[in-house]
>>> print(open('my_file.txt').read())   # compact mmCIF, C-alpha atoms and all ligand atoms
# COMPACT_ATOMS: atom_id res chain seq x y z
CA MET A 1 -7.52 27.66 -14.53
CA THR A 2 -6.13 27.86 -10.98
CA THR A 3 -6.81 25.75 -7.93
CA GLY A 4 -7.03 28.84 -5.77
CA LYS A 5 -5.32 26.97 -2.96
CA ALA A 6 -1.89 28.09 -1.84
CA ILE A 7 0.89 25.52 -1.60
CA THR A 8 2.27 25.20 1.92
CA LYS A 9 3.09 21.53 2.30
CA ALA A 10 6.16 19.56 1.27
CA VAL A 11 6.37 15.78 1.32
CA ILE A 12 9.93 14.46 1.47
CA PRO A 13 9.89 10.67 0.99
CA ALA A 14 12.83 8.95 2.64
CA ALA A 15 11.68 5.41 3.16
CA GLY A 16 13.33 3.63 0.23
CA LEU A 17 15.55 0.63 0.85
CA GLY A 18 18.63 2.36 -0.54
CA THR A 19 19.98 -0.93 -1.88
CA ARG A 20 22.59 0.81 -4.05
CA PHE A 21 24.32 2.01 -0.90
CA LEU A 22 24.27 -1.18 1.17
CA PRO A 23 25.65 -1.97 3.67
CA ALA A 24 25.93 1.74 4.68
CA THR A 25 22.14 2.03 4.48
CA LYS A 26 21.31 -1.10 6.44
CA ALA A 27 20.50 0.80 9.64
CA MET A 28 20.34 4.36 8.29
CA PRO A 29 18.34 5.91 5.43
CA LYS A 30 20.48 6.97 2.48
CA GLU A 31 19.04 10.47 2.93
CA MET A 32 21.12 10.68 6.12
CA LEU A 33 24.45 10.15 4.32
CA PRO A 34 26.63 13.22 4.93
CA VAL A 35 27.30 15.60 2.05
CA VAL A 36 30.35 17.44 3.45
CA ASP A 37 28.89 18.15 6.91
CA ARG A 38 25.11 17.99 6.54
CA PRO A 39 22.97 14.94 5.82
CA ALA A 40 21.61 15.05 2.25
CA ILE A 41 18.06 15.47 3.48
CA GLN A 42 18.94 18.68 5.35
CA TYR A 43 19.79 20.38 2.02
CA VAL A 44 16.36 19.30 0.76
CA VAL A 45 14.54 20.51 3.88
CA GLU A 46 16.39 23.85 3.57
CA GLU A 47 15.30 24.13 -0.08
CA ALA A 48 11.65 23.54 0.87
CA VAL A 49 11.82 26.15 3.65
CA LYS A 50 13.53 28.64 1.29
CA SER A 51 10.68 28.13 -1.20
CA GLY A 52 8.18 29.19 1.46
CA LEU A 53 6.87 25.74 2.38
CA THR A 54 6.17 25.68 6.08
CA ASP A 55 4.66 22.27 6.70
CA LEU A 56 7.05 19.40 6.04
CA LEU A 57 6.30 15.70 6.12
CA THR A 58 8.83 12.95 5.69
CA GLY A 59 8.71 9.17 5.64
CA ARG A 60 10.14 7.71 8.80
CA ASN A 61 11.38 4.21 8.99
CA LYS A 62 14.53 4.87 10.94
CA ARG A 63 14.94 7.01 14.03
CA SER A 64 18.06 8.87 12.92
CA LEU A 65 15.99 11.14 10.66
CA GLU A 66 13.66 12.28 13.40
CA ASP A 67 16.54 12.71 15.85
CA HIS A 68 18.49 14.86 13.40
CA PHE A 69 15.74 17.47 13.16
CA ASP A 70 14.99 17.36 16.89
CA ARG A 71 16.66 19.16 19.80
CA GLU A 72 19.61 17.35 21.42
CA PRO A 73 19.92 18.98 24.87
CA GLY A 74 22.89 16.86 26.03
CA LEU A 75 24.97 17.71 22.98
CA GLU A 76 23.93 21.36 23.03
CA ARG A 77 24.95 21.66 26.69
CA ALA A 78 28.33 20.01 26.03
CA LEU A 79 29.05 22.44 23.16
CA GLU A 80 27.90 25.38 25.30
CA LEU A 81 30.28 24.37 28.11
CA LYS A 82 33.13 24.13 25.62
CA GLY A 83 32.24 27.57 24.24
CA ASP A 84 31.92 26.07 20.75
CA LYS A 85 29.40 28.62 19.44
CA ASP A 86 29.59 27.77 15.71
CA ARG A 87 28.95 24.06 16.17
CA LEU A 88 26.23 24.79 18.70
CA GLU A 89 24.49 27.02 16.15
CA SER A 90 24.79 24.41 13.40
CA VAL A 91 23.23 21.79 15.70
CA GLN A 92 20.39 24.09 16.76
CA TYR A 93 19.75 25.27 13.19
CA ALA A 94 18.74 21.77 12.07
CA SER A 95 16.06 21.62 14.77
CA GLU A 96 14.67 25.04 13.89
CA LEU A 97 13.80 24.27 10.26
CA GLY A 98 10.47 22.61 11.14
CA PRO A 99 7.73 21.96 11.94
CA ILE A 100 8.47 18.54 10.48
CA HIS A 101 5.92 15.75 10.75
CA TYR A 102 6.65 12.07 10.24
CA VAL A 103 4.59 9.33 8.72
CA ARG A 104 5.61 5.70 8.62
CA GLN A 105 5.61 3.86 5.32
CA GLY A 106 5.37 0.36 6.80
CA GLU A 107 6.82 -1.32 3.73
CA ALA A 108 8.87 0.14 0.88
CA LYS A 109 6.18 -0.37 -1.77
CA GLY A 110 7.44 2.35 -4.06
CA LEU A 111 7.51 6.13 -4.39
CA GLY A 112 3.82 6.24 -5.39
CA HIS A 113 2.93 4.38 -2.21
CA ALA A 114 5.15 6.73 -0.14
CA VAL A 115 3.27 9.74 -1.57
CA LEU A 116 -0.06 8.04 -0.89
CA CYS A 117 0.96 7.67 2.79
CA ALA A 118 0.91 11.50 2.94
CA ALA A 119 -2.71 11.79 1.77
CA GLN A 120 -4.30 12.36 5.14
CA HIS A 121 -1.75 14.97 6.19
CA VAL A 122 -1.90 16.86 2.89
CA GLY A 123 -5.68 16.84 2.42
CA ASP A 124 -7.27 18.60 -0.56
CA GLU A 125 -4.44 20.99 -1.47
CA PRO A 126 -1.71 21.02 -4.10
CA PHE A 127 1.62 20.05 -2.50
CA ALA A 128 5.30 19.64 -3.29
CA VAL A 129 7.26 16.39 -3.28
CA LEU A 130 11.03 16.61 -2.91
CA LEU A 131 13.07 13.43 -3.03
CA GLY A 132 15.41 13.41 -0.07
CA ASP A 133 18.37 12.07 -2.05
CA ASP A 134 18.14 14.56 -4.92
CA LEU A 135 19.98 17.86 -4.34
CA ILE A 136 19.30 21.03 -6.32
CA ASP A 137 21.90 23.80 -6.30
CA GLU A 138 21.06 26.27 -3.52
CA ALA A 139 21.41 29.15 -5.99
CA GLU A 140 18.44 27.91 -8.07
CA ASP A 141 14.73 28.49 -7.52
CA LEU A 142 13.33 25.52 -9.40
CA LEU A 143 10.67 24.69 -6.82
CA THR A 144 9.33 28.25 -6.72
CA THR A 145 9.02 28.23 -10.53
CA MET A 146 7.22 24.87 -10.39
CA MET A 147 4.77 26.15 -7.76
CA GLU A 148 4.00 29.16 -9.97
CA VAL A 149 3.30 26.85 -12.93
CA GLN A 150 0.99 24.72 -10.75
CA GLN A 151 -0.97 27.77 -9.65
CA LYS A 152 -1.23 28.96 -13.25
CA THR A 153 -2.27 25.64 -14.80
CA GLY A 154 -4.14 23.96 -11.95
CA GLY A 155 -2.53 20.64 -12.89
CA SER A 156 0.57 18.81 -11.66
CA VAL A 157 4.13 19.86 -12.42
CA ILE A 158 7.29 17.78 -12.79
CA ALA A 159 10.94 18.78 -13.16
CA LEU A 160 12.87 17.56 -16.19
CA ILE A 161 16.52 17.58 -17.21
CA GLU A 162 18.10 16.84 -20.57
CA VAL A 163 20.27 13.75 -20.39
CA ASP A 164 22.56 11.95 -22.80
CA PRO A 165 20.11 9.68 -24.74
CA ALA A 166 22.22 6.65 -23.76
CA GLN A 167 21.45 7.37 -20.07
CA ILE A 168 17.66 7.74 -20.35
CA SER A 169 16.90 4.17 -19.28
CA ALA A 170 17.98 5.11 -15.73
CA TYR A 171 15.11 7.63 -15.45
CA GLY A 172 11.42 8.28 -16.00
CA CYS A 173 11.11 9.85 -19.44
CA ALA A 174 8.63 12.47 -20.73
CA ASP A 175 7.03 12.98 -24.13
CA ILE A 176 6.32 16.72 -24.27
CA THR A 177 4.84 19.52 -26.38
CA ALA A 178 5.96 23.13 -26.08
CA VAL A 179 3.35 25.59 -24.76
CA GLU A 180 3.33 28.75 -26.86
CA GLY A 181 4.53 31.83 -25.03
CA GLU A 182 5.38 29.91 -21.84
CA ASP A 183 8.61 28.58 -20.42
CA TYR A 184 7.02 25.34 -19.28
CA VAL A 185 5.97 22.37 -21.43
CA ARG A 186 2.93 20.12 -21.58
CA VAL A 187 3.65 16.49 -20.71
CA ASN A 188 1.75 14.15 -23.05
CA SER A 189 2.95 10.91 -21.54
CA LEU A 190 5.53 9.42 -19.23
CA VAL A 191 7.37 6.15 -19.27
CA GLU A 192 9.45 4.75 -16.40
CA LYS A 193 13.01 3.67 -17.32
CA PRO A 194 12.44 3.05 -21.07
CA ALA A 195 14.87 1.05 -23.22
CA VAL A 196 17.12 3.50 -25.09
CA GLY A 197 15.43 2.81 -28.45
CA ASP A 198 11.90 3.24 -27.02
CA ALA A 199 12.41 6.56 -25.21
CA PRO A 200 10.14 9.35 -26.53
CA SER A 201 12.76 12.03 -25.69
CA ASN A 202 15.94 12.67 -23.74
CA LEU A 203 14.00 14.53 -21.03
CA ALA A 204 14.37 12.77 -17.69
CA VAL A 205 12.20 13.20 -14.61
CA ILE A 206 14.10 14.35 -11.50
CA GLY A 207 13.07 14.45 -7.84
CA ARG A 208 10.88 17.55 -7.61
CA TYR A 209 7.11 17.50 -8.12
CA VAL A 210 4.23 19.87 -7.40
CA LEU A 211 1.11 17.74 -7.43
CA HIS A 212 -2.61 18.29 -7.55
CA PRO A 213 -4.34 16.31 -4.75
CA ALA A 214 -6.25 14.36 -7.44
CA VAL A 215 -3.08 12.23 -7.54
CA PHE A 216 -4.12 10.51 -4.28
CA GLY A 217 -7.32 9.01 -5.73
CA ILE A 218 -5.35 7.77 -8.72
CA LEU A 219 -2.58 6.28 -6.57
CA GLU A 220 -5.19 4.35 -4.61
CA GLU A 221 -6.23 2.71 -7.86
CA THR A 222 -2.72 2.27 -9.26
CA GLU A 223 -1.57 -1.34 -9.38
CA PRO A 224 2.07 -2.14 -8.62
CA GLY A 225 4.08 -1.69 -11.81
CA ARG A 226 7.78 -1.94 -12.54
CA GLY A 227 9.71 -3.73 -9.77
CA ASN A 228 6.36 -4.62 -8.14
CA GLU A 229 6.28 -1.07 -6.72
CA ILE A 230 3.49 1.51 -6.92
CA GLN A 231 5.06 3.99 -9.31
CA LEU A 232 4.38 7.71 -9.06
CA THR A 233 5.16 7.87 -12.77
CA ASP A 234 2.19 5.58 -13.54
CA ALA A 235 -0.18 7.86 -11.59
CA LEU A 236 1.24 10.93 -13.36
CA GLN A 237 0.72 9.17 -16.67
CA THR A 238 -2.99 8.78 -15.77
CA LEU A 239 -3.17 12.48 -14.83
CA ALA A 240 -1.44 13.47 -18.08
CA ALA A 241 -3.89 11.47 -20.17
CA GLY A 242 -7.00 12.47 -18.20
CA GLU A 243 -9.43 15.33 -18.47
CA GLY A 244 -11.30 17.31 -15.87
CA GLU A 245 -10.37 18.67 -12.47
CA GLY A 246 -6.77 18.07 -11.45
CA SER A 247 -5.69 16.50 -14.72
CA GLY A 248 -2.89 17.79 -16.90
CA VAL A 249 0.83 17.43 -16.23
CA TYR A 250 3.35 20.15 -17.05
CA GLY A 251 7.12 20.14 -17.03
CA VAL A 252 9.76 22.69 -16.11
CA VAL A 253 13.06 21.94 -17.83
CA PHE A 254 15.82 22.55 -15.31
CA LYS A 255 19.23 23.65 -16.57
CA GLY A 256 21.05 24.14 -13.28
CA ARG A 257 23.15 21.81 -11.15
CA ARG A 258 21.65 18.80 -9.42
CA PHE A 259 23.15 15.83 -7.64
CA ASP A 260 21.69 12.38 -7.13
CA THR A 261 23.11 11.25 -3.81
CA GLY A 262 21.39 7.85 -4.01
CA ASP A 263 23.96 6.63 -6.51
CA LYS A 264 27.54 6.00 -5.33
CA LEU A 265 29.38 7.76 -8.15
CA SER A 266 27.16 10.85 -8.23
CA TYR A 267 27.19 10.96 -4.42
CA LEU A 268 30.98 11.18 -4.51
CA LYS A 269 30.81 13.87 -7.20
CA ALA A 270 28.34 15.85 -5.07
CA VAL A 271 30.58 15.66 -2.01
CA ILE A 272 33.69 16.69 -3.97
CA THR A 273 31.95 19.53 -5.85
CA LEU A 274 30.30 21.03 -2.79
CA ALA A 275 33.41 20.54 -0.63
CA SER A 276 35.57 22.28 -3.26
CA GLU A 277 33.29 25.33 -2.98
CA ARG A 278 33.67 25.66 0.78
CA VAL A 279 35.68 28.70 1.83
CA GLU A 280 37.31 26.92 4.77
CA PHE A 281 39.05 24.20 2.74
CA GLY A 282 37.91 24.32 -0.90
CA GLU A 283 41.21 25.64 -2.26
CA ASP A 284 43.25 23.11 -0.24
CA LEU A 285 41.05 20.30 -1.49
CA LYS A 286 41.47 21.37 -5.13
CA THR A 287 45.24 21.64 -4.78
CA TRP A 288 45.32 18.17 -3.22
CA MET A 289 43.08 16.74 -5.97
CA LYS A 290 45.31 18.11 -8.74
CA GLY A 291 48.33 16.42 -7.13
CA PHE A 292 46.37 13.22 -6.57
CA VAL A 293 45.22 13.03 -10.22
CA ASN A 294 48.72 13.71 -11.51
CA SER A 295 50.39 11.17 -9.25
P1 LIG A 301 14.77 5.16 -5.31
O1 LIG A 301 14.22 4.87 -6.64
O2 LIG A 301 16.10 5.84 -5.27
O3 LIG A 301 14.82 3.78 -4.51
O4 LIG A 301 13.71 6.03 -4.52
P2 LIG A 301 15.49 3.37 -3.14
O5 LIG A 301 14.87 2.11 -2.69
O6 LIG A 301 15.43 4.50 -2.14
O7 LIG A 301 17.03 3.15 -3.48
P3 LIG A 301 17.76 1.92 -4.27
O8 LIG A 301 17.36 2.07 -5.70
O9 LIG A 301 17.31 0.64 -3.64
O10 LIG A 301 19.22 2.16 -4.05
C1 LIG A 301 13.45 7.38 -4.84
C2 LIG A 301 12.96 8.12 -3.62
O11 LIG A 301 11.74 7.58 -3.14
C3 LIG A 301 11.85 7.19 -1.78
C4 LIG A 301 13.34 7.01 -1.53
O12 LIG A 301 13.67 7.18 -0.17
C5 LIG A 301 13.93 8.09 -2.43
O13 LIG A 301 13.88 9.36 -1.81
N1 LIG A 301 11.09 5.94 -1.61
C6 LIG A 301 11.21 4.92 -2.51
C7 LIG A 301 10.22 5.81 -0.53
O14 LIG A 301 10.11 6.74 0.31
N2 LIG A 301 9.51 4.65 -0.39
C8 LIG A 301 9.62 3.62 -1.28
O15 LIG A 301 8.92 2.60 -1.10
C9 LIG A 301 10.49 3.76 -2.37
>>> encode(input="my_file.txt", output="structure tokens", more="lines below")
Ligand code: UTP
Amino acid sequence: MTTGKAITKAVIPAAGLGTRFLPATKAMPKEMLPVVDRPAIQYVVEEAVKSGLTDLLTGRNKRSLEDHFDREPGLERALELKGDKDRLESVQYASELGPIHYVRQGEAKGLGHAVLCAAQHVGDEPFAVLLGDDLIDEAEDLLTTMMEVQQKTGGSVIALIEVDPAQISAYGCADITAVEGEDYVRVNSLVEKPAVGDAPSNLAVIGRYVLHPAVFGILEETEPGRGNEIQLTDALQTLAAGEGEGSGVYGVVFKGRRFDTGDKLSYLKAVITLASERVEFGEDLKTWMKGFVNS
């Protein structure tokens, strides 16, 4: 089965409260925290564009996001006058990634609610969801693989990673069955942040989804769950258990590098890892770190 509809739209929710990063995120979304020299969300927007998605929608509850992806004539002119070509290009590049549309999620009522806010813009087409604080290594093509699986199955597709079983209660967890002859799996059920002993597997849901538009109707009916938030996982669970058009959830198990920048420790690891790979100062940073660790 295929939906026959190409995937062109990406929804990048960025309207969470970011409480783990307070007070830094009091007046700025956590997706705007810099990872070396780009806000986290710019990596995610670049990934969507690289995967061929041309219509991007993000949750706006703070102006900095919109300003970052917009032109900044005053700054551009100042850099031009200084002859600072490289910085001028980097500033202009961010405003050329679009078109990016913005929708306001009035209240942070959960990821499921954030996705539901995109319903009108997305319409009746399968679409991608990329969490703005979850970075996937630029060398990987996870999203492209997921879009292919969506087109092949006609259902919804989630990305999974294997985690240490002791860590599973920090994630959504999937119970899966292998699909013969395919490199994706069938998702039988999903459970949000299970207790370690109750987890059906060590496969954790990460922040990339390719969803059938049937998810919108289900989200409308989904009651607030864990944390009094409308959980995307609960809607996916309904799709996984359902039959008929748009049902069925599949998983792609991702083995590459990924960084969760919404958590302080993994944010710092992301910054250090990506900085240490930069040609301009990576070697200097590593030399300094060795000395720092030994001191
Ligand atoms: P998180 O689970 O990381 O929650 O959201 P959070 O509120 O942003 O952060 P903490 O836990 O309080 O520190 C996962 C993704 O869903 C988005 C977030 O911006 C993030 O990209 N989100 C979450 C929304 O857009 N709206 C919401 O109501 C909740």
>>> residues_near_ligand(input="my_file.txt", ligand="ligand LIG 301 (chain A)", cutoff="10 Å", atoms="all atoms listed in the file", output="number ranges by chain")
A: 11-22, 25, 29-31, 41, 58-61, 104-115, 117, 129-134, 170-171, 206-207, 229-232, 260-264
>>> write_last_selection(input="my_file.txt", atoms="C-alpha atoms", output="CSV table (one decimal), in the coordinates of the input")
chain,number,residue,atom,x,y,z
A,11,VAL,CA,6.4,15.8,1.3
A,12,ILE,CA,9.9,14.5,1.5
A,13,PRO,CA,9.9,10.7,1.0
A,14,ALA,CA,12.8,9.0,2.6
A,15,ALA,CA,11.7,5.4,3.2
A,16,GLY,CA,13.3,3.6,0.2
A,17,LEU,CA,15.6,0.6,0.8
A,18,GLY,CA,18.6,2.4,-0.5
A,19,THR,CA,20.0,-0.9,-1.9
A,20,ARG,CA,22.6,0.8,-4.0
A,21,PHE,CA,24.3,2.0,-0.9
A,22,LEU,CA,24.3,-1.2,1.2
A,25,THR,CA,22.1,2.0,4.5
A,29,PRO,CA,18.3,5.9,5.4
A,30,LYS,CA,20.5,7.0,2.5
A,31,GLU,CA,19.0,10.5,2.9
A,41,ILE,CA,18.1,15.5,3.5
A,58,THR,CA,8.8,13.0,5.7
A,59,GLY,CA,8.7,9.2,5.6
A,60,ARG,CA,10.1,7.7,8.8
A,61,ASN,CA,11.4,4.2,9.0
A,104,ARG,CA,5.6,5.7,8.6
A,105,GLN,CA,5.6,3.9,5.3
A,106,GLY,CA,5.4,0.4,6.8
A,107,GLU,CA,6.8,-1.3,3.7
A,108,ALA,CA,8.9,0.1,0.9
A,109,LYS,CA,6.2,-0.4,-1.8
A,110,GLY,CA,7.4,2.4,-4.1
A,111,LEU,CA,7.5,6.1,-4.4
A,112,GLY,CA,3.8,6.2,-5.4
A,113,HIS,CA,2.9,4.4,-2.2
A,114,ALA,CA,5.2,6.7,-0.1
A,115,VAL,CA,3.3,9.7,-1.6
A,117,CYS,CA,1.0,7.7,2.8
A,129,VAL,CA,7.3,16.4,-3.3
A,130,LEU,CA,11.0,16.6,-2.9
A,131,LEU,CA,13.1,13.4,-3.0
A,132,GLY,CA,15.4,13.4,-0.1
A,133,ASP,CA,18.4,12.1,-2.0
A,134,ASP,CA,18.1,14.6,-4.9
A,170,ALA,CA,18.0,5.1,-15.7
A,171,TYR,CA,15.1,7.6,-15.4
A,206,ILE,CA,14.1,14.4,-11.5
A,207,GLY,CA,13.1,14.4,-7.8
A,229,GLU,CA,6.3,-1.1,-6.7
A,230,ILE,CA,3.5,1.5,-6.9
A,231,GLN,CA,5.1,4.0,-9.3
A,232,LEU,CA,4.4,7.7,-9.1
A,260,ASP,CA,21.7,12.4,-7.1
A,261,THR,CA,23.1,11.2,-3.8
A,262,GLY,CA,21.4,7.8,-4.0
A,263,ASP,CA,24.0,6.6,-6.5
A,264,LYS,CA,27.5,6.0,-5.3
>>> atom_distance(input="my_file.txt", atom1="atom CA of Val253 of chain A", atom2="atom CA of Leu57 of chain A")
25.7 Å
>>> atom_distance(input="my_file.txt", atom1="atom CA of Arg63 of chain A", atom2="atom CA of Tyr209 of chain A")
25.7 Å
>>> residues_near_point(input="my_file.txt", point="(5.7, 23.8, -9.8)", cutoff="7 Å", atoms="all atoms listed in the file", output="mmCIF file with C-alpha atoms, in the frame of the given file")
data_model
loop_
_atom_site.group_PDB
_atom_site.id
_atom_site.type_symbol
_atom_site.label_atom_id
_atom_site.label_comp_id
_atom_site.auth_asym_id
_atom_site.auth_seq_id
_atom_site.Cartn_x
_atom_site.Cartn_y
_atom_site.Cartn_z
ATOM 1 C CA LEU A 143 10.670 24.690 -6.820
ATOM 2 C CA THR A 144 9.330 28.250 -6.720
ATOM 3 C CA THR A 145 9.020 28.230 -10.530
ATOM 4 C CA MET A 146 7.220 24.870 -10.390
ATOM 5 C CA MET A 147 4.770 26.150 -7.760
ATOM 6 C CA GLU A 148 4.000 29.160 -9.970
ATOM 7 C CA VAL A 149 3.300 26.850 -12.930
ATOM 8 C CA GLN A 150 0.990 24.720 -10.750
ATOM 9 C CA VAL A 157 4.130 19.860 -12.420
ATOM 10 C CA ILE A 158 7.290 17.780 -12.790
ATOM 11 C CA TYR A 209 7.110 17.500 -8.120
ATOM 12 C CA VAL A 210 4.230 19.870 -7.400
#
>>> atom_distance(input="my_file.txt", atom1="atom CA of Thr54 of chain A", atom2="atom CA of Pro73 of chain A")
24.2 Å
>>> residues_around(input="my_file.txt", residues="segment 35-38 of chain A", least_positions_apart="3", cutoff="10 Å", atoms="all atoms listed in the file", output="PyMOL selection string")
chain A and resi 31-32+41-43+90+94+135+261+267-268+270-276+278
>>> write_last_selection(input="my_file.txt", atoms="C-alpha atoms", output="CSV table (one decimal), in the coordinates of the input")
chain,number,residue,atom,x,y,z
A,31,GLU,CA,19.0,10.5,2.9
A,32,MET,CA,21.1,10.7,6.1
A,41,ILE,CA,18.1,15.5,3.5
A,42,GLN,CA,18.9,18.7,5.4
A,43,TYR,CA,19.8,20.4,2.0
A,90,SER,CA,24.8,24.4,13.4
A,94,ALA,CA,18.7,21.8,12.1
A,135,LEU,CA,20.0,17.9,-4.3
A,261,THR,CA,23.1,11.2,-3.8
A,267,TYR,CA,27.2,11.0,-4.4
A,268,LEU,CA,31.0,11.2,-4.5
A,270,ALA,CA,28.3,15.8,-5.1
A,271,VAL,CA,30.6,15.7,-2.0
A,272,ILE,CA,33.7,16.7,-4.0
A,273,THR,CA,32.0,19.5,-5.8
A,274,LEU,CA,30.3,21.0,-2.8
A,275,ALA,CA,33.4,20.5,-0.6
A,276,SER,CA,35.6,22.3,-3.3
A,278,ARG,CA,33.7,25.7,0.8
>>> closest_residue(input="my_file.txt", among="A:Glu243, A:Asp141, A:Glu96, A:Glu223", to="Arg257 of chain A", atoms="all atoms listed in the file")
A:Asp141
>>> residues_around(input="my_file.txt", residues="Glu162 of chain A", least_positions_apart="4", cutoff="8 Å", atoms="all atoms listed in the file", output="list in words")
Asn202, Leu203, Ala204, Val253 and Lys255 of chain A
>>> closest_residue(input="my_file.txt", among="A:Val293, A:Val191, A:Met28, A:Ala10", to="Arg226 of chain A", atoms="all atoms listed in the file")
A:Val191
>>> residues_around(input="my_file.txt", residues="Ala214 of chain A", least_positions_apart="3", cutoff="8 Å", atoms="only C-alpha atoms", output="list in words")
Gly217, Ile218, Glu245, Gly246 and Ser247 of chain A
